[in-house]
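As stored in work37.cif (mmCIF, C-alpha atoms and all ligand atoms):
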```
data_work
#
loop_
_atom_site.group_PDB
_atom_site.id
_atom_site.type_symbol
_atom_site.label_atom_id
_atom_site.label_comp_id
_atom_site.auth_asym_id
_atom_site.auth_seq_id
_atom_site.Cartn_x
_atom_site.Cartn_y
_atom_site.Cartn_z
ATOM 1 C CA MET A 1 -146.149 -140.058 -26.447
ATOM 2 C CA SER A 2 -146.413 -143.759 -26.991
ATOM 3 C CA GLU A 3 -143.386 -145.940 -27.414
ATOM 4 C CA LEU A 4 -142.797 -147.174 -30.955
ATOM 5 C CA LEU A 5 -139.570 -149.141 -30.496
ATOM 6 C CA THR A 6 -138.421 -150.761 -27.271
ATOM 7 C CA ILE A 7 -135.058 -152.459 -27.134
ATOM 8 C CA ASP A 8 -134.845 -154.266 -23.845
ATOM 9 C CA SER A 9 -131.503 -155.557 -22.640
ATOM 10 C CA ILE A 10 -130.287 -157.115 -25.895
ATOM 11 C CA SER A 11 -126.902 -158.676 -26.572
ATOM 12 C CA VAL A 12 -125.286 -159.630 -29.888
ATOM 13 C CA SER A 13 -122.079 -161.622 -30.374
ATOM 14 C CA TYR A 14 -119.889 -162.347 -33.379
ATOM 15 C CA GLY A 15 -118.219 -165.552 -32.276
ATOM 16 C CA ASN A 16 -116.264 -164.588 -29.178
ATOM 17 C CA ILE A 17 -116.704 -160.845 -29.730
ATOM 18 C CA LYS A 18 -119.516 -159.403 -27.628
ATOM 19 C CA ALA A 19 -120.601 -156.539 -29.861
ATOM 20 C CA LEU A 20 -123.616 -155.510 -27.711
ATOM 21 C CA ARG A 21 -124.177 -156.202 -24.012
ATOM 22 C CA ASN A 22 -127.586 -155.681 -22.396
ATOM 23 C CA VAL A 23 -128.441 -152.657 -24.499
ATOM 24 C CA SER A 24 -131.748 -150.887 -23.860
ATOM 25 C CA VAL A 25 -133.094 -148.079 -26.026
ATOM 26 C CA HIS A 26 -136.548 -146.487 -26.198
ATOM 27 C CA VAL A 27 -137.869 -144.580 -29.180
ATOM 28 C CA ASP A 28 -141.164 -142.719 -28.801
ATOM 29 C CA GLN A 29 -143.542 -142.321 -31.711
ATOM 30 C CA GLY A 30 -142.840 -139.084 -33.582
ATOM 31 C CA ASP A 31 -139.393 -138.398 -32.120
ATOM 32 C CA ILE A 32 -135.896 -138.223 -33.558
ATOM 33 C CA VAL A 33 -133.612 -140.257 -31.308
ATOM 34 C CA CYS A 34 -129.868 -140.576 -31.829
ATOM 35 C CA LEU A 35 -127.161 -142.983 -30.793
ATOM 36 C CA ILE A 36 -123.606 -141.702 -30.804
ATOM 37 C CA GLY A 37 -120.424 -143.674 -30.359
ATOM 38 C CA ALA A 38 -116.912 -144.150 -31.686
ATOM 39 C CA ASN A 39 -115.707 -146.607 -34.345
ATOM 40 C CA GLY A 40 -116.590 -150.150 -33.420
ATOM 41 C CA ALA A 41 -118.878 -149.179 -30.510
ATOM 42 C CA GLY A 42 -121.657 -151.414 -31.858
ATOM 43 C CA LYS A 43 -123.916 -148.850 -33.517
ATOM 44 C CA SER A 44 -124.422 -150.689 -36.820
ATOM 45 C CA THR A 45 -124.848 -153.967 -34.981
ATOM 46 C CA LEU A 46 -127.759 -152.456 -33.042
ATOM 47 C CA LEU A 47 -129.501 -151.338 -36.251
ATOM 48 C CA LYS A 48 -128.934 -154.751 -37.832
ATOM 49 C CA ALA A 49 -130.460 -156.418 -34.779
ATOM 50 C CA ILE A 50 -133.565 -154.205 -35.062
ATOM 51 C CA VAL A 51 -134.202 -155.265 -38.663
ATOM 52 C CA GLY A 52 -133.447 -158.900 -37.952
ATOM 53 C CA LEU A 53 -130.077 -159.102 -39.706
ATOM 54 C CA GLU A 54 -128.237 -160.158 -36.518
ATOM 55 C CA PRO A 55 -129.705 -162.576 -33.972
ATOM 56 C CA ILE A 56 -129.893 -161.449 -30.354
ATOM 57 C CA THR A 57 -128.662 -163.659 -27.513
ATOM 58 C CA THR A 58 -130.432 -161.868 -24.636
ATOM 59 C CA GLY A 59 -133.496 -159.654 -24.280
ATOM 60 C CA THR A 60 -136.269 -158.595 -26.623
ATOM 61 C CA ILE A 61 -137.044 -156.002 -29.272
ATOM 62 C CA SER A 62 -140.621 -154.729 -29.447
ATOM 63 C CA TYR A 63 -142.208 -152.572 -32.116
ATOM 64 C CA GLN A 64 -145.700 -151.070 -31.776
ATOM 65 C CA GLY A 65 -146.082 -153.072 -28.586
ATOM 66 C CA ASN A 66 -145.352 -156.455 -30.212
ATOM 67 C CA ILE A 67 -142.186 -158.484 -29.811
ATOM 68 C CA ILE A 68 -140.334 -158.696 -33.138
ATOM 69 C CA ALA A 69 -137.137 -160.326 -31.829
ATOM 70 C CA GLN A 70 -136.550 -162.483 -28.825
ATOM 71 C CA ALA A 71 -133.432 -164.334 -27.725
ATOM 72 C CA SER A 72 -133.922 -168.028 -28.232
ATOM 73 C CA ALA A 73 -132.975 -170.464 -25.475
ATOM 74 C CA SER A 74 -129.882 -171.653 -27.301
ATOM 75 C CA GLY A 75 -128.886 -168.142 -28.284
ATOM 76 C CA VAL A 76 -128.706 -169.253 -31.898
ATOM 77 C CA LYS A 77 -131.452 -168.413 -34.281
ATOM 78 C CA LYS A 78 -132.184 -169.878 -37.666
ATOM 79 C CA ARG A 79 -132.790 -166.618 -39.402
ATOM 80 C CA PHE A 80 -133.256 -168.117 -42.831
ATOM 81 C CA ALA A 81 -135.614 -170.914 -41.882
ATOM 82 C CA LEU A 82 -138.604 -171.200 -44.191
ATOM 83 C CA PRO A 83 -141.872 -169.600 -43.047
ATOM 84 C CA GLY A 84 -143.905 -172.008 -40.965
ATOM 85 C CA ARG A 85 -140.838 -174.034 -40.089
ATOM 86 C CA ARG A 86 -139.534 -171.902 -37.280
ATOM 87 C CA SER A 87 -138.940 -173.564 -33.945
ATOM 88 C CA ALA A 88 -141.139 -172.610 -30.973
ATOM 89 C CA SER A 89 -138.463 -170.343 -29.486
ATOM 90 C CA ASP A 90 -138.279 -168.405 -32.749
ATOM 91 C CA SER A 91 -142.008 -167.863 -33.021
ATOM 92 C CA ASN A 92 -141.710 -164.304 -31.707
ATOM 93 C CA THR A 93 -138.904 -163.398 -34.043
ATOM 94 C CA LEU A 94 -139.778 -161.869 -37.391
ATOM 95 C CA ARG A 95 -137.774 -162.124 -40.581
ATOM 96 C CA THR A 96 -136.223 -159.010 -42.097
ATOM 97 C CA ASP A 97 -138.881 -158.780 -44.820
ATOM 98 C CA GLU A 98 -141.661 -159.098 -42.231
ATOM 99 C CA ILE A 99 -140.140 -156.270 -40.187
ATOM 100 C CA ALA A 100 -139.933 -154.130 -43.333
ATOM 101 C CA GLY A 101 -143.568 -154.977 -44.007
ATOM 102 C CA ARG A 102 -144.517 -153.496 -40.643
ATOM 103 C CA GLY A 103 -143.007 -150.162 -41.597
ATOM 104 C CA VAL A 104 -139.357 -150.228 -40.530
ATOM 105 C CA ALA A 105 -136.831 -149.060 -43.146
ATOM 106 C CA LEU A 106 -133.056 -149.044 -42.781
ATOM 107 C CA VAL A 107 -130.661 -146.792 -44.680
ATOM 108 C CA PRO A 108 -127.475 -148.813 -44.256
ATOM 109 C CA GLU A 109 -123.997 -147.519 -43.541
ATOM 110 C CA GLY A 110 -122.105 -146.528 -46.667
ATOM 111 C CA ARG A 111 -125.451 -146.102 -48.474
ATOM 112 C CA ARG A 112 -125.254 -149.415 -50.399
ATOM 113 C CA VAL A 113 -126.694 -148.004 -53.572
ATOM 114 C CA PHE A 114 -126.858 -150.042 -56.766
ATOM 115 C CA ALA A 115 -124.201 -148.114 -58.657
ATOM 116 C CA ASP A 116 -124.945 -149.539 -62.116
ATOM 117 C CA MET A 117 -128.648 -148.848 -61.854
ATOM 118 C CA THR A 118 -130.247 -145.490 -62.544
ATOM 119 C CA VAL A 119 -131.719 -143.368 -59.779
ATOM 120 C CA GLU A 120 -135.183 -144.442 -60.898
ATOM 121 C CA GLU A 121 -134.281 -148.136 -60.800
ATOM 122 C CA ASN A 122 -132.865 -147.721 -57.311
ATOM 123 C CA LEU A 123 -136.125 -146.146 -56.162
ATOM 124 C CA ASP A 124 -138.034 -149.026 -57.753
ATOM 125 C CA MET A 125 -135.968 -151.382 -55.582
ATOM 126 C CA GLY A 126 -137.235 -149.515 -52.524
ATOM 127 C CA ALA A 127 -140.811 -150.154 -53.620
ATOM 128 C CA PHE A 128 -140.592 -153.942 -53.444
ATOM 129 C CA LEU A 129 -143.402 -154.048 -50.906
ATOM 130 C CA ILE A 130 -145.811 -152.066 -53.109
ATOM 131 C CA ARG A 131 -147.918 -154.038 -55.588
ATOM 132 C CA ASP A 132 -149.671 -151.106 -57.259
ATOM 133 C CA ASP A 133 -147.682 -149.567 -60.166
ATOM 134 C CA ASP A 134 -149.573 -146.251 -60.014
ATOM 135 C CA LYS A 135 -148.700 -145.946 -56.369
ATOM 136 C CA ILE A 136 -145.035 -146.603 -57.147
ATOM 137 C CA SER A 137 -145.075 -143.852 -59.796
ATOM 138 C CA ARG A 138 -146.765 -141.405 -57.414
ATOM 139 C CA LYS A 139 -144.279 -142.202 -54.703
ATOM 140 C CA LYS A 140 -141.342 -141.652 -57.061
ATOM 141 C CA GLU A 141 -142.742 -138.251 -58.101
ATOM 142 C CA GLU A 142 -143.068 -137.371 -54.423
ATOM 143 C CA MET A 143 -139.390 -138.238 -53.940
ATOM 144 C CA TYR A 144 -138.369 -136.161 -56.977
ATOM 145 C CA ASP A 145 -140.308 -133.199 -55.550
ATOM 146 C CA PHE A 146 -138.655 -133.613 -52.177
ATOM 147 C CA PHE A 147 -135.151 -134.194 -53.609
ATOM 148 C CA PRO A 148 -135.155 -132.162 -56.868
ATOM 149 C CA ILE A 149 -131.612 -133.238 -57.686
ATOM 150 C CA LEU A 150 -132.848 -136.853 -57.901
ATOM 151 C CA GLY A 151 -135.617 -135.785 -60.269
ATOM 152 C CA ALA A 152 -133.081 -134.101 -62.515
ATOM 153 C CA ARG A 153 -130.883 -137.191 -62.501
ATOM 154 C CA ARG A 154 -133.536 -139.892 -62.576
ATOM 155 C CA LYS A 155 -132.199 -141.553 -65.752
ATOM 156 C CA GLN A 156 -128.553 -141.312 -64.731
ATOM 157 C CA LYS A 157 -126.509 -144.186 -63.392
ATOM 158 C CA THR A 158 -126.125 -143.848 -59.665
ATOM 159 C CA ARG A 159 -122.331 -144.068 -59.815
ATOM 160 C CA SER A 160 -122.281 -140.633 -61.501
ATOM 161 C CA LEU A 161 -123.902 -139.003 -58.442
ATOM 162 C CA SER A 162 -121.886 -137.262 -55.720
ATOM 163 C CA GLY A 163 -121.659 -138.836 -52.264
ATOM 164 C CA GLY A 164 -124.278 -136.463 -50.876
ATOM 165 C CA GLU A 165 -126.643 -137.173 -53.780
ATOM 166 C CA GLN A 166 -126.179 -140.921 -53.293
ATOM 167 C CA GLN A 167 -127.041 -140.516 -49.608
ATOM 168 C CA MET A 168 -130.194 -138.587 -50.540
ATOM 169 C CA MET A 169 -131.057 -141.380 -52.952
ATOM 170 C CA ALA A 170 -130.531 -144.027 -50.276
ATOM 171 C CA ILE A 171 -132.910 -142.101 -48.006
ATOM 172 C CA ALA A 172 -135.442 -141.688 -50.830
ATOM 173 C CA ARG A 173 -135.233 -145.422 -51.554
ATOM 174 C CA ALA A 174 -136.041 -146.160 -47.905
ATOM 175 C CA LEU A 175 -138.956 -143.692 -47.989
ATOM 176 C CA MET A 176 -140.516 -145.414 -51.032
ATOM 177 C CA SER A 177 -142.131 -147.923 -48.664
ATOM 178 C CA SER A 178 -143.698 -145.112 -46.543
ATOM 179 C CA PRO A 179 -142.058 -146.322 -43.330
ATOM 180 C CA ARG A 180 -143.263 -145.452 -39.851
ATOM 181 C CA LEU A 181 -139.761 -145.863 -38.429
ATOM 182 C CA LEU A 182 -136.668 -144.793 -40.365
ATOM 183 C CA LEU A 183 -133.306 -146.138 -39.201
ATOM 184 C CA LEU A 184 -130.286 -144.205 -40.470
ATOM 185 C CA ASP A 185 -126.747 -145.546 -40.162
ATOM 186 C CA GLU A 186 -124.299 -142.626 -40.296
ATOM 187 C CA PRO A 187 -125.974 -140.535 -43.001
ATOM 188 C CA GLY A 188 -123.147 -137.990 -42.732
ATOM 189 C CA LEU A 189 -120.333 -140.472 -43.277
ATOM 190 C CA GLY A 190 -117.630 -139.129 -45.580
ATOM 191 C CA LEU A 191 -119.567 -136.019 -46.574
ATOM 192 C CA ALA A 192 -118.626 -132.339 -46.359
ATOM 193 C CA PRO A 193 -120.163 -130.363 -43.461
ATOM 194 C CA LEU A 194 -122.491 -128.321 -45.687
ATOM 195 C CA ILE A 195 -123.819 -131.458 -47.364
ATOM 196 C CA ILE A 196 -124.335 -133.115 -43.980
ATOM 197 C CA GLN A 197 -126.337 -130.056 -42.952
ATOM 198 C CA ASP A 198 -128.569 -130.426 -46.051
ATOM 199 C CA ILE A 199 -129.176 -134.062 -45.252
ATOM 200 C CA PHE A 200 -130.045 -133.348 -41.631
ATOM 201 C CA GLU A 201 -132.473 -130.638 -42.764
ATOM 202 C CA LYS A 202 -134.209 -133.203 -44.961
ATOM 203 C CA ILE A 203 -134.362 -135.660 -42.067
ATOM 204 C CA ALA A 204 -135.988 -132.987 -39.892
ATOM 205 C CA ILE A 205 -138.633 -132.315 -42.562
ATOM 206 C CA ILE A 206 -139.355 -136.021 -43.023
ATOM 207 C CA ASN A 207 -139.909 -136.271 -39.271
ATOM 208 C CA ARG A 208 -141.915 -133.060 -38.839
ATOM 209 C CA GLU A 209 -144.071 -133.101 -41.954
ATOM 210 C CA GLU A 210 -144.475 -136.808 -42.654
ATOM 211 C CA GLY A 211 -144.575 -137.895 -39.008
ATOM 212 C CA VAL A 212 -141.855 -140.486 -39.569
ATOM 213 C CA THR A 213 -140.089 -141.527 -36.363
ATOM 214 C CA VAL A 214 -136.300 -141.507 -36.779
ATOM 215 C CA PHE A 215 -133.575 -143.475 -35.030
ATOM 216 C CA LEU A 216 -130.252 -142.122 -36.118
ATOM 217 C CA VAL A 217 -126.764 -143.515 -35.548
ATOM 218 C CA GLU A 218 -123.813 -141.149 -35.992
ATOM 219 C CA GLN A 219 -120.180 -140.556 -35.237
ATOM 220 C CA ASN A 220 -120.818 -136.869 -35.921
ATOM 221 C CA ALA A 221 -122.090 -136.320 -32.384
ATOM 222 C CA ARG A 222 -122.764 -132.611 -32.590
ATOM 223 C CA MET A 223 -125.000 -132.840 -35.674
ATOM 224 C CA ALA A 224 -126.831 -135.851 -34.311
ATOM 225 C CA LEU A 225 -127.473 -134.326 -30.884
ATOM 226 C CA LYS A 226 -128.620 -131.033 -32.377
ATOM 227 C CA ALA A 227 -131.035 -132.837 -34.677
ATOM 228 C CA SER A 228 -132.565 -135.118 -32.053
ATOM 229 C CA LYS A 229 -134.704 -134.964 -28.946
ATOM 230 C CA GLN A 230 -133.278 -137.897 -27.037
ATOM 231 C CA GLY A 231 -129.754 -139.307 -27.230
ATOM 232 C CA TYR A 232 -127.824 -142.410 -26.252
ATOM 233 C CA VAL A 233 -124.058 -142.805 -25.941
ATOM 234 C CA MET A 234 -122.536 -146.211 -26.653
ATOM 235 C CA GLU A 235 -119.036 -147.375 -25.746
ATOM 236 C CA ASN A 236 -117.744 -150.894 -26.402
ATOM 237 C CA GLY A 237 -121.178 -152.381 -26.870
ATOM 238 C CA VAL A 238 -122.710 -150.809 -23.750
ATOM 239 C CA VAL A 239 -125.014 -147.790 -23.401
ATOM 240 C CA VAL A 240 -123.136 -145.556 -20.961
ATOM 241 C CA LEU A 241 -125.362 -142.458 -21.009
ATOM 242 C CA SER A 242 -128.845 -141.484 -22.110
ATOM 243 C CA ASP A 243 -130.603 -138.172 -21.709
ATOM 244 C CA LEU A 244 -132.366 -135.416 -23.605
ATOM 245 C CA SER A 245 -130.007 -134.487 -26.440
ATOM 246 C CA ALA A 246 -129.962 -130.867 -25.233
ATOM 247 C CA ASN A 247 -128.570 -132.101 -21.898
ATOM 248 C CA LEU A 248 -125.998 -134.362 -23.584
ATOM 249 C CA LEU A 249 -124.729 -131.341 -25.553
ATOM 250 C CA GLU A 250 -123.958 -129.714 -22.174
ATOM 251 C CA ASN A 251 -122.621 -132.872 -20.513
ATOM 252 C CA GLU A 252 -118.936 -132.498 -19.613
ATOM 253 C CA LYS A 253 -118.059 -136.110 -20.459
ATOM 254 C CA VAL A 254 -119.811 -135.905 -23.825
ATOM 255 C CA LYS A 255 -118.146 -132.579 -24.574
ATOM 256 C CA ALA A 256 -114.702 -133.974 -23.804
ATOM 257 C CA ALA A 257 -115.086 -137.306 -25.572
ATOM 258 C CA TYR A 258 -117.347 -136.512 -28.548
ATOM 259 C CA LEU A 259 -117.575 -132.786 -29.132
ATOM 260 C CA GLY A 260 -113.888 -131.892 -28.963
ATOM 261 C CA GLU A 261 -114.489 -129.206 -26.319
HETATM 262 N N1 LIG B 301 -119.630 -159.437 -39.203
HETATM 263 C C1 LIG B 301 -118.813 -159.266 -38.160
HETATM 264 N N2 LIG B 301 -118.002 -160.273 -37.723
HETATM 265 C C2 LIG B 301 -117.183 -160.114 -36.662
HETATM 266 N N3 LIG B 301 -117.110 -158.991 -35.939
HETATM 267 C C3 LIG B 301 -117.878 -157.951 -36.303
HETATM 268 C C4 LIG B 301 -118.768 -158.029 -37.434
HETATM 269 N N4 LIG B 301 -119.408 -156.858 -37.568
HETATM 270 C C5 LIG B 301 -118.948 -156.068 -36.568
HETATM 271 N N5 LIG B 301 -118.038 -156.720 -35.813
HETATM 272 C C6 LIG B 301 -117.352 -156.203 -34.607
HETATM 273 O O1 LIG B 301 -118.353 -155.811 -33.672
HETATM 274 C C7 LIG B 301 -118.022 -154.577 -33.051
HETATM 275 C C8 LIG B 301 -119.115 -153.542 -33.333
HETATM 276 O O2 LIG B 301 -119.127 -153.246 -34.733
HETATM 277 P P1 LIG B 301 -120.175 -152.241 -35.398
HETATM 278 O O3 LIG B 301 -119.968 -152.307 -36.849
HETATM 279 O O4 LIG B 301 -121.517 -152.504 -34.870
HETATM 280 O O5 LIG B 301 -119.647 -150.842 -34.810
HETATM 281 P P2 LIG B 301 -120.027 -149.362 -35.234
HETATM 282 O O6 LIG B 301 -120.283 -148.608 -33.973
HETATM 283 O O7 LIG B 301 -121.091 -149.368 -36.251
HETATM 284 O O8 LIG B 301 -118.664 -148.831 -35.872
HETATM 285 P P3 LIG B 301 -118.403 -147.775 -37.072
HETATM 286 O O9 LIG B 301 -118.579 -146.419 -36.484
HETATM 287 O O10 LIG B 301 -116.982 -148.026 -37.475
HETATM 288 O O11 LIG B 301 -119.379 -148.070 -38.166
HETATM 289 C C9 LIG B 301 -116.646 -154.197 -33.576
HETATM 290 O O12 LIG B 301 -115.695 -154.677 -32.657
HETATM 291 C C10 LIG B 301 -116.561 -154.922 -34.903
HETATM 292 O O13 LIG B 301 -115.221 -155.215 -35.210
HETATM 293 MG MG MG B 302 -121.198 -148.713 -38.157
#
```
What's the structure tokens form of this structure?
Ligand SMILES: Nc1ncnc2c1ncn2[C@@H]1O[C@H](COP(=O)(O)OP(=O)(O)OP(=O)(O)O)[C@@H](O)[C@H]1O
Ligand SMILES: [Mg+2]
Amino acid sequence: MSELLTIDSISVSYGNIKALRNVSVHVDQGDIVCLIGANGAGKSTLLKAIVGLEPITTGTISYQGNIIAQASASGVKKRFALPGRRSASDSNTLRTDEIAGRGVALVPEGRRVFADMTVEENLDMGAFLIRDDDKISRKKEEMYDFFPILGARRKQKTRSLSGGEQQMMAIARALMSSPRLLLLDEPGLGLAPLIIQDIFEKIAIINREEGVTVFLVEQNARMALKASKQGYVMENGVVVLSDLSANLLENEKVKAAYLGE
């Protein structure tokens, strides 16, 4: 299996808070990989760094063998500089829209749906990279087939959907751009166990049938480890364990700290 995403010793700080310290993560093409960790461990920060929403102060992030983020000498990056006006040290660092254009889609924590827009309008927002209207329509129909509840509610305002339905919509919105790599930030957050199970089943199908590689961040360690092949455990901004997920499910430390056994 070839490596799709390589995070090599990255650090991220918020002022004096070191949110990530020398974090390395590898995601092979075609796999589901998970990262588990408690509140505030740095999970969302890692996903934001991958899509270029937080600058890194050490290390590199590579995607499909190309560097997409590199720590600049000063450790400060001008993320919103105009194209063509980046400094030499930023030349390896892509903007968020460029990373999306290469096939990386993030479903953010808390879903971040547009509550006053309809389901259909939300899906249109996910198609911002597609120029062809017919293709957008086809893609939406595909999503309605895959998530029938969204098809039934396509003209409804998103705020009228349940939490689980909104999460499905957030995933569908990310899939509108036909990503190669899907990043999911706590898809089970705040949802009932049966609904979480539905969502994880959908994620498995997206991976198996569409060949989408998935990097999943979760506090629900059991669901995430069961759904994935490889797992990472993060504590206070540091990766403290990584192994096949099946091994992590049997690991005594993981059982005690994350599985309540
Ligand atoms: N914008 C920010 N400014 C300052 N500190 C931040 C910011 N975002 C996150 N942090 C801090 O960085 C650390 C990591 O936060 P992060 O949101 O990445 O954790 P997390 O693992 O996603 O947590 P949760 O499970 O609660 O979502 C925490 O100490 C948090 O308080
Ligand atoms: Mg988070």
Taking only C-alpha atoms and all ligand atoms into account, which residues are within 6 Å of ligand LIG 301 (chain B), as a VMD selection string? chain A and resid 14 19 38 to 45
Point-to-point distance in Å for atom CA of A:Arg173 and atom CA of A:Asp8: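 Atom CA of A:Arg173 lies 29.1 Å from atom CA of A:Asp8.
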Dump as a tab-separated table the rows for residues of chain A within 12 Å of ligand MG 302 (chain B): closest atom pair and distance in Å with one decimal, all atoms listed in the file counted, ordered by chain and rising residue number.
```
residue	atom	partner	partner_atom	distance
A:Ala19	CA	B:MG302	MG	11.4
A:Leu35	CA	B:MG302	MG	11.1
A:Ile36	CA	B:MG302	MG	10.4
A:Gly37	CA	B:MG302	MG	9.3
A:Ala38	CA	B:MG302	MG	9.0
A:Asn39	CA	B:MG302	MG	7.0
A:Gly40	CA	B:MG302	MG	6.8
A:Ala41	CA	B:MG302	MG	8.0
A:Gly42	CA	B:MG302	MG	6.9
A:Lys43	CA	B:MG302	MG	5.4
A:Ser44	CA	B:MG302	MG	4.0
A:Thr45	CA	B:MG302	MG	7.1
A:Leu46	CA	B:MG302	MG	9.1
A:Leu47	CA	B:MG302	MG	8.9
A:Lys48	CA	B:MG302	MG	9.8
A:Val107	CA	B:MG302	MG	11.7
A:Pro108	CA	B:MG302	MG	8.8
A:Glu109	CA	B:MG302	MG	6.2
A:Gly110	CA	B:MG302	MG	8.8
A:Arg111	CA	B:MG302	MG	11.5
A:Leu184	CA	B:MG302	MG	10.4
A:Asp185	CA	B:MG302	MG	6.7
A:Glu186	CA	B:MG302	MG	7.2
A:Pro187	CA	B:MG302	MG	10.6
A:Gly188	CA	B:MG302	MG	11.8
A:Leu189	CA	B:MG302	MG	9.7
A:Leu216	CA	B:MG302	MG	11.4
A:Val217	CA	B:MG302	MG	8.1
A:Glu218	CA	B:MG302	MG	8.3
A:Gln219	CA	B:MG302	MG	8.7
A:Met234	CA	B:MG302	MG	11.8
A:Gly237	CA	B:MG302	MG	11.9
```
Atom CA of A:Ala152 and atom CA of A:Leu175, how far apart in Å? 18.4 Å
Test item: the PyMOL selection byres (((chain A and resi 198) around 12) and not hetatm) resolved as a list in words: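 That selection, the PyMOL selection byres (((chain A and resi 198) around 12) and not hetatm), comes back as Phe147, Gly164, Glu165, Gln167, Met168, Pro187, Gly188, Leu191, Ala192, Pro193, Leu194, Ile195, Ile196, Gln197, Ile199, Phe200, Glu201, Lys202, Ile203, Ala204, Ile205, Met223 and Ala227 of chain A.
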Exercise: A:Gly126 partners within 9 Å, all atoms listed in the file, chain neighbours under 4 positions left out, as number ranges by chain: A: 121-122, 130, 170, 172-177
State, in Å with one decimal place, the distance from atom CA of A:Met117 to atom CA of A:Lys155.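 Calculated distance between atom CA of A:Met117 and atom CA of A:Lys155 is 9.0 Å.
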Tell me which residues the PyMOL selection byres (((chain A and resi 4) around 6) and not hetatm) grabs here, as JSON, numbers by chain. {"A": [3, 5, 27, 28, 29, 63, 64]}
